[in-house]
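Enquirer: This is the structure, below, for whatever I ask next.
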Amino acid sequence: MAAAQEEKTRQFIERIDTLAAYTYDGGVSSSFLGDIQKMVDEGLDVDAQSSYGNSLVAMAATRGDVESLKYLIGKGAKIDTPNRHRITPLQLAAFSGRKAAVDVFIDKGCTPDIFGATALARVDLVADML
């Protein structure tokens, strides 16, 4: 049984890596919500990470994929898990210029650090941090 679960997890990671390739290859024009929903229905943990250490939330944030982001949050995904470079999904959204995704994080109670706030040109947030 453990071997079967390990194989299923490996397959999920391969599929997540494929989504990640679209995330960073300019494929930001459409949502990958259908792909995520299908994998979650098949048993994928919403906090699963790609082999590169990015969560599904981080990939949706980078893409500005608000539909997928809201779905994952609604399913209980953690919104502040940093990747292996210690960059949070909020920071990825900010540095990618994805204001709508940033707004989702702020609405959920995340506060950007000073670098993220500066990248967003959120003078109000920077002033509060000084």
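In the structure tokens, the first chain shown is A, the next is B, and so on; residue numbers restart at 1 for each chain, and ligands run from 1 in the order shown.
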Excluding Val66 of chain A and residues on its chain fewer than 6 positions from it, collect all residues at most 8 Å away from it, counting only C-alpha atoms, and give them as a list in words.
Expert: Ala60, Ala100, Ala101 and Val104 of chain A
Enquirer: List the neighbours of Leu92 of chain A out to 10 Å using only C-alpha atoms; skip same-chain residues closer than 5 positions along the sequence, and give me the result as a PyMOL selection string.
Expert: chain A and resi 58-64+82-83+87+97-98+101-102+116
Enquirer: Please compute the atom CA of Lys78 of chain A-atom CA of Val40 of chain A distance, one decimal, in Å.
Expert: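 So the two atoms, atom CA of Lys78 of chain A and atom CA of Val40 of chain A, lie 14.7 Å apart.
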Enquirer: Interatomic distance between atom CA of Gly53 of chain A and atom CA of Ser68 of chain A?
Expert: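 Going from atom CA of Gly53 of chain A over to atom CA of Ser68 of chain A, I get 18.2 Å.
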Enquirer: Find the residues around segment 33-39 of chain A up to 10 Å (only C-alpha atoms counted), leave out those fewer than 3 positions away in its own chain, and share them as a list in words.
Expert: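 Contacts, in chain order: Phe12, Arg15, Ile16, Leu19, Ser30, Glu42, Gly43, Leu44, Asp45, Val46, Leu56, Ala60, Asp65, Val66, Glu67, Ser68, Leu69, Lys70, Tyr71 and Leu72 of chain A.
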Enquirer: Keeping only N, CA, C and O atoms, take the residues you just selected and write them out as an mmCIF file, in the first residue's frame.
Expert:
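Just written: again.cif:
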data_model
loop_
_atom_site.group_PDB
_atom_site.id
_atom_site.type_symbol
_atom_site.label_atom_id
_atom_site.label_comp_id
_atom_site.auth_asym_id
_atom_site.auth_seq_id
_atom_site.Cartn_x
_atom_site.Cartn_y
_atom_site.Cartn_z
ATOM 1 N N PHE A 12 1.758 12.868 -9.034
ATOM 2 C CA PHE A 12 1.247 14.215 -8.764
ATOM 3 C C PHE A 12 2.356 15.249 -8.924
ATOM 4 O O PHE A 12 2.161 16.308 -9.509
ATOM 5 N N ARG A 15 2.994 16.012 -12.452
ATOM 6 C CA ARG A 15 1.928 16.852 -13.010
ATOM 7 C C ARG A 15 2.051 18.292 -12.517
ATOM 8 O O ARG A 15 1.838 19.239 -13.274
ATOM 9 N N ILE A 16 2.415 18.459 -11.236
ATOM 10 C CA ILE A 16 2.615 19.805 -10.698
ATOM 11 C C ILE A 16 3.778 20.479 -11.412
ATOM 12 O O ILE A 16 3.716 21.662 -11.756
ATOM 13 N N LEU A 19 2.636 21.866 -14.604
ATOM 14 C CA LEU A 19 1.936 23.140 -14.394
ATOM 15 C C LEU A 19 2.940 24.257 -14.124
ATOM 16 O O LEU A 19 2.783 25.376 -14.610
ATOM 17 N N SER A 30 -4.332 31.881 -18.973
ATOM 18 C CA SER A 30 -5.508 31.143 -18.548
ATOM 19 C C SER A 30 -5.268 30.495 -17.187
ATOM 20 O O SER A 30 -4.145 30.279 -16.768
ATOM 21 N N GLU A 42 -8.581 13.736 -7.088
ATOM 22 C CA GLU A 42 -7.876 12.441 -7.116
ATOM 23 C C GLU A 42 -7.053 12.204 -5.853
ATOM 24 O O GLU A 42 -6.410 11.168 -5.716
ATOM 25 N N GLY A 43 -7.056 13.175 -4.929
ATOM 26 C CA GLY A 43 -6.375 12.973 -3.658
ATOM 27 C C GLY A 43 -5.133 13.804 -3.413
ATOM 28 O O GLY A 43 -4.433 13.602 -2.417
ATOM 29 N N LEU A 44 -4.838 14.749 -4.283
ATOM 30 C CA LEU A 44 -3.657 15.597 -4.079
ATOM 31 C C LEU A 44 -3.838 16.481 -2.854
ATOM 32 O O LEU A 44 -4.885 17.096 -2.654
ATOM 33 N N ASP A 45 -2.822 16.564 -2.028
ATOM 34 C CA ASP A 45 -2.798 17.475 -0.886
ATOM 35 C C ASP A 45 -2.682 18.902 -1.427
ATOM 36 O O ASP A 45 -1.797 19.183 -2.236
ATOM 37 N N VAL A 46 -3.565 19.797 -0.994
ATOM 38 C CA VAL A 46 -3.546 21.170 -1.523
ATOM 39 C C VAL A 46 -2.263 21.914 -1.170
ATOM 40 O O VAL A 46 -1.978 22.950 -1.761
ATOM 41 N N LEU A 56 1.274 24.940 -4.838
ATOM 42 C CA LEU A 56 0.273 25.316 -5.828
ATOM 43 C C LEU A 56 -0.161 26.757 -5.615
ATOM 44 O O LEU A 56 -0.400 27.496 -6.573
ATOM 45 N N ALA A 60 0.022 29.686 -8.414
ATOM 46 C CA ALA A 60 -1.145 30.495 -8.777
ATOM 47 C C ALA A 60 -0.851 31.974 -8.545
ATOM 48 O O ALA A 60 -1.231 32.831 -9.348
ATOM 49 N N ASP A 65 -3.250 33.924 -11.044
ATOM 50 C CA ASP A 65 -4.409 33.063 -11.262
ATOM 51 C C ASP A 65 -5.295 33.100 -10.015
ATOM 52 O O ASP A 65 -5.243 32.219 -9.162
ATOM 53 N N VAL A 66 -6.105 34.145 -9.928
ATOM 54 C CA VAL A 66 -6.934 34.382 -8.745
ATOM 55 C C VAL A 66 -7.962 33.272 -8.554
ATOM 56 O O VAL A 66 -8.246 32.873 -7.417
ATOM 57 N N GLU A 67 -8.509 32.752 -9.641
ATOM 58 C CA GLU A 67 -9.484 31.649 -9.531
ATOM 59 C C GLU A 67 -8.880 30.453 -8.797
ATOM 60 O O GLU A 67 -9.479 29.923 -7.864
ATOM 61 N N SER A 68 -7.707 30.042 -9.228
ATOM 62 C CA SER A 68 -7.045 28.898 -8.594
ATOM 63 C C SER A 68 -6.635 29.227 -7.166
ATOM 64 O O SER A 68 -6.753 28.391 -6.267
ATOM 65 N N LEU A 69 -6.171 30.428 -6.956
ATOM 66 C CA LEU A 69 -5.756 30.868 -5.630
ATOM 67 C C LEU A 69 -6.925 30.786 -4.647
ATOM 68 O O LEU A 69 -6.802 30.210 -3.561
ATOM 69 N N LYS A 70 -8.075 31.325 -5.029
ATOM 70 C CA LYS A 70 -9.248 31.284 -4.153
ATOM 71 C C LYS A 70 -9.723 29.852 -3.918
ATOM 72 O O LYS A 70 -10.134 29.501 -2.808
ATOM 73 N N TYR A 71 -9.667 29.027 -4.944
ATOM 74 C CA TYR A 71 -10.052 27.625 -4.791
ATOM 75 C C TYR A 71 -9.155 26.932 -3.763
ATOM 76 O O TYR A 71 -9.644 26.256 -2.850
ATOM 77 N N LEU A 72 -7.844 27.088 -3.917
ATOM 78 C CA LEU A 72 -6.902 26.435 -3.013
ATOM 79 C C LEU A 72 -7.072 26.920 -1.574
ATOM 80 O O LEU A 72 -7.066 26.123 -0.632
#
Enquirer: Do you know which residues are at most 10 Å from Thr88 of chain A counting only C-alpha atoms, after dropping those on the same chain fewer than 2 positions away, and could you put them as a ChimeraX atom specification?
Expert: /A:54-55,57-58,61,79-86,90-94,112,116
Enquirer: Suppose we keep N, CA, C and O atoms; can you now write the selection as an mmCIF file, in the first residue's frame?
Expert:
data_model
loop_
_atom_site.group_PDB
_atom_site.id
_atom_site.type_symbol
_atom_site.label_atom_id
_atom_site.label_comp_id
_atom_site.auth_asym_id
_atom_site.auth_seq_id
_atom_site.Cartn_x
_atom_site.Cartn_y
_atom_site.Cartn_z
ATOM 1 N N ASN A 54 7.911 24.927 -4.916
ATOM 2 C CA ASN A 54 6.810 25.885 -4.956
ATOM 3 C C ASN A 54 5.482 25.181 -4.747
ATOM 4 O O ASN A 54 5.212 24.159 -5.375
ATOM 5 N N SER A 55 4.677 25.733 -3.872
ATOM 6 C CA SER A 55 3.346 25.187 -3.636
ATOM 7 C C SER A 55 2.419 25.580 -4.785
ATOM 8 O O SER A 55 2.735 26.462 -5.591
ATOM 9 N N VAL A 57 -0.252 27.187 -4.356
ATOM 10 C CA VAL A 57 -0.603 28.587 -4.049
ATOM 11 C C VAL A 57 0.456 29.517 -4.630
ATOM 12 O O VAL A 57 0.133 30.546 -5.232
ATOM 13 N N ALA A 58 1.727 29.159 -4.477
ATOM 14 C CA ALA A 58 2.805 29.994 -5.008
ATOM 15 C C ALA A 58 2.733 30.081 -6.530
ATOM 16 O O ALA A 58 2.918 31.160 -7.106
ATOM 17 N N ALA A 61 -0.147 32.295 -7.462
ATOM 18 C CA ALA A 61 0.197 33.688 -7.156
ATOM 19 C C ALA A 61 1.102 34.275 -8.234
ATOM 20 O O ALA A 61 0.895 35.403 -8.682
ATOM 21 N N ILE A 79 -1.311 29.698 3.021
ATOM 22 C CA ILE A 79 -1.031 30.810 2.110
ATOM 23 C C ILE A 79 0.318 31.468 2.341
ATOM 24 O O ILE A 79 0.709 32.339 1.581
ATOM 25 N N ASP A 80 1.025 31.036 3.376
ATOM 26 C CA ASP A 80 2.278 31.717 3.702
ATOM 27 C C ASP A 80 3.497 30.800 3.696
ATOM 28 O O ASP A 80 4.541 31.146 4.222
ATOM 29 N N THR A 81 3.375 29.627 3.072
ATOM 30 C CA THR A 81 4.490 28.689 3.044
ATOM 31 C C THR A 81 5.539 29.151 2.034
ATOM 32 O O THR A 81 5.253 29.243 0.841
ATOM 33 N N PRO A 82 6.757 29.447 2.514
ATOM 34 C CA PRO A 82 7.799 29.883 1.577
ATOM 35 C C PRO A 82 8.323 28.716 0.745
ATOM 36 O O PRO A 82 8.230 27.558 1.150
ATOM 37 N N ASN A 83 8.885 29.049 -0.412
ATOM 38 C CA ASN A 83 9.514 28.010 -1.230
ATOM 39 C C ASN A 83 10.919 27.753 -0.696
ATOM 40 O O ASN A 83 11.312 28.298 0.332
ATOM 41 N N ARG A 84 11.689 26.954 -1.404
ATOM 42 C CA ARG A 84 13.016 26.603 -0.887
ATOM 43 C C ARG A 84 13.982 27.786 -0.856
ATOM 44 O O ARG A 84 15.047 27.707 -0.254
ATOM 45 N N HIS A 85 13.608 28.879 -1.498
ATOM 46 C CA HIS A 85 14.420 30.104 -1.450
ATOM 47 C C HIS A 85 13.891 31.074 -0.397
ATOM 48 O O HIS A 85 14.308 32.227 -0.354
ATOM 49 N N ARG A 86 12.925 30.598 0.400
ATOM 50 C CA ARG A 86 12.295 31.360 1.489
ATOM 51 C C ARG A 86 11.503 32.557 0.969
ATOM 52 O O ARG A 86 11.422 33.589 1.615
ATOM 53 N N LEU A 90 2.939 35.490 -1.400
ATOM 54 C CA LEU A 90 2.641 36.922 -1.479
ATOM 55 C C LEU A 90 3.794 37.674 -2.137
ATOM 56 O O LEU A 90 3.585 38.524 -3.012
ATOM 57 N N GLN A 91 5.012 37.357 -1.750
ATOM 58 C CA GLN A 91 6.171 38.005 -2.362
ATOM 59 C C GLN A 91 6.263 37.674 -3.847
ATOM 60 O O GLN A 91 6.553 38.546 -4.667
ATOM 61 N N LEU A 92 5.999 36.416 -4.210
ATOM 62 C CA LEU A 92 6.026 36.034 -5.622
ATOM 63 C C LEU A 92 4.994 36.826 -6.418
ATOM 64 O O LEU A 92 5.276 37.301 -7.517
ATOM 65 N N ALA A 93 3.796 36.967 -5.856
ATOM 66 C CA ALA A 93 2.750 37.739 -6.535
ATOM 67 C C ALA A 93 3.179 39.190 -6.687
ATOM 68 O O ALA A 93 3.017 39.791 -7.752
ATOM 69 N N ALA A 94 3.751 39.751 -5.633
ATOM 70 C CA ALA A 94 4.174 41.160 -5.658
ATOM 71 C C ALA A 94 5.267 41.378 -6.700
ATOM 72 O O ALA A 94 5.174 42.294 -7.523
ATOM 73 N N PRO A 112 2.605 42.127 3.598
ATOM 74 C CA PRO A 112 3.894 42.003 2.911
ATOM 75 C C PRO A 112 5.020 42.580 3.747
ATOM 76 O O PRO A 112 4.809 43.505 4.529
ATOM 77 N N GLY A 116 8.319 43.495 -0.277
ATOM 78 C CA GLY A 116 7.102 43.265 -1.051
ATOM 79 C C GLY A 116 6.259 44.518 -1.154
ATOM 80 O O GLY A 116 5.720 44.840 -2.215
#
Enquirer: For Lys75 of chain A, which residue among A:Lys99, A:Gly109, A:Ser31, A:Asp41 is the nearest when counting only C-alpha atoms?
Expert: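 The answer is A:Asp41, which sits nearest to Lys75 of chain A.
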Enquirer: Quote the spacing between atom CA of Ile13 of chain A and atom CA of Ser50 of chain A in Å to one decimal place.
Expert: 5.6 Å
